[in-house]
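S.K.: Before anything else, here's the structure in question.
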Amino acid sequence: KGGKGRVALLSGEPGIGKSRLVRALAQAIKADDHFLIRYHCSPHYASSPLHPVIARYERSADIQKNDNSEQRLEKLKSLLSPSGPSPLEISLISDLLSSAGTSVNSEAQISPQKRKEMTLAALGRQLDALSHRKPVLWVWEDVQWIDPTSLELMSAIVERAHSLQAMVVPTVGG
């Protein structure tokens with residue numbers, strides 16, 4: 001507990017086995033109790049803000065396209081529960097996933113920039129809370145295709161990785 005976070009950049013030409021190395025690392029620490037958070041960047045979504053984050057939350061919460069807003073929200077709450085999220089954090093992340101029913105009060109006149117800052121802070125706090133429970137292996141695959149907002153989130157976490165029980169592993173292809 002109490003930090004010792006690390007950042008390890010894995011870089012190389014496509015096909016040399018970066019993903020295989022990350023899987024081997026995850027397998028090697030499997031005996032240790034940890035959280036594995038894995039994001040995948042794609043050239044198809046390089047202009048879609050936070051797409052790797054949204055896709056990961058949807059996968060991890062088992063959110064299906066045919067789920068109604070209440071089902072989506074319950075699945076999200078269940079996924080987030082280990083980090084003890086505030087109602088505002090649930091609302092911001094729910095909005096990110098377009099889960100109607102818990103949106104931040106739109107009459108509050110929150111500017112898009114302020115909403116983005118609040119959302120990035122909520123996502124960062126999720127990682128902080130998890131890393132206080134047990135170590136986190138936080139993997140970003142193919143960051144050469146990362147969108148600017150996801151890069152902003154990853155950069156903020158990397159800047160304070162030393163204070164987290166986390167290992168941040170971005171992979172970069174050639």
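Going through the structure tokens in order, the chains are called A, B, and so on, while each chain numbers its residues from 1 and the ligands are numbered from 1 in the order shown.
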What's the 8 Å shell around segment 51-53 of chain A, counting only C-alpha atoms, without same-chain residues fewer than 2 positions away, as a PyMOL selection string?
M.R.: chain A and resi 39-41+45+48-49+55-57+147+150
S.K.: Next, dump the selected residues to file, keeping only C-alpha atoms, as a short mmCIF file (atom, residue, chain, number, x, y, z; two decimals), in the first residue's frame.
M.R.:
```cif
data_model
loop_
_atom_site.label_atom_id
_atom_site.label_comp_id
_atom_site.auth_asym_id
_atom_site.auth_seq_id
_atom_site.Cartn_x
_atom_site.Cartn_y
_atom_site.Cartn_z
CA TYR A 39 -7.79 -0.60 -22.87
CA HIS A 40 -7.45 -1.10 -26.62
CA CYS A 41 -6.91 1.88 -28.93
CA TYR A 45 -11.76 5.34 -33.07
CA SER A 48 -13.80 9.20 -30.64
CA PRO A 49 -13.19 10.69 -27.18
CA ALA A 55 -15.55 0.00 -24.58
CA ARG A 56 -13.80 -1.39 -21.50
CA TYR A 57 -16.60 -0.32 -19.14
CA ASP A 147 -7.67 9.78 -29.01
CA SER A 150 -7.90 9.31 -23.58
#
```
S.K.: Write down as a ChimeraX atom specification the residues belonging to segment 62-146 of chain A that are assigned alpha helix (DSSP H) by DSSP computed on the backbone.
M.R.: /A:69-80,87-96,112-133
S.K.: What are the closest atom pairs, with distances in Å to one decimal, for each residue of segment 14-41 of chain A lying within 8 Å of segment 132-140 of chain A, using only C-alpha atoms, rows by chain and rising residue number, as CSV?
M.R.:
```
residue,atom,partner,partner_atom,distance
A:Val22,CA,A:Val139,CA,7.9
A:Ala26,CA,A:Leu137,CA,7.6
A:Asp33,CA,A:Lys134,CA,6.8
A:His34,CA,A:Pro135,CA,4.9
A:Phe35,CA,A:Val136,CA,4.7
A:Leu36,CA,A:Leu137,CA,4.9
A:Ile37,CA,A:Trp138,CA,4.8
A:Arg38,CA,A:Val139,CA,4.6
A:Tyr39,CA,A:Trp140,CA,4.8
A:His40,CA,A:Trp140,CA,6.0
A:Cys41,CA,A:Trp140,CA,7.3
```
S.K.: Going by DSSP on the backbone, which residues of segment 1-143 of chain A come out as strand (DSSP E or B)? List them as JSON, numbers by chain.
M.R.: {"A": [6, 7, 10, 11, 12, 35, 36, 37, 38, 39, 40, 136, 137, 138, 139, 140, 141]}
S.K.: Could you give me, as number ranges by chain, the residues within 12 Å of Glu117 of chain A, counting only C-alpha atoms and dropping anything in the same chain fewer than 5 positions from it?
M.R.: A: 89, 92, 110-112, 122-124, 149, 152-153, 156
S.K.: Any chance you can output those residues with C-alpha atoms as a CSV table (one decimal), in the first residue's frame?
M.R.:
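Full text of part-v8.csv as output:
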```csv
chain,number,residue,atom,x,y,z
A,89,GLU,CA,-19.1,9.8,-10.4
A,92,LEU,CA,-20.7,11.2,-15.1
A,110,ILE,CA,-22.0,22.8,-16.8
A,111,SER,CA,-19.8,23.8,-19.7
A,112,PRO,CA,-18.6,21.0,-21.9
A,122,ALA,CA,-14.1,10.7,-11.8
A,123,LEU,CA,-12.2,8.1,-14.0
A,124,GLY,CA,-9.0,8.9,-12.3
A,149,THR,CA,-9.1,12.8,-24.4
A,152,GLU,CA,-5.2,13.3,-21.4
A,153,LEU,CA,-6.5,10.7,-19.0
A,156,ALA,CA,-2.7,12.5,-15.8
```
S.K.: Which is closer to Met118 of chain A than all the others in A:Val168, A:Leu88, A:Leu151, A:Ala28, using only C-alpha atoms?
M.R.: A:Leu88
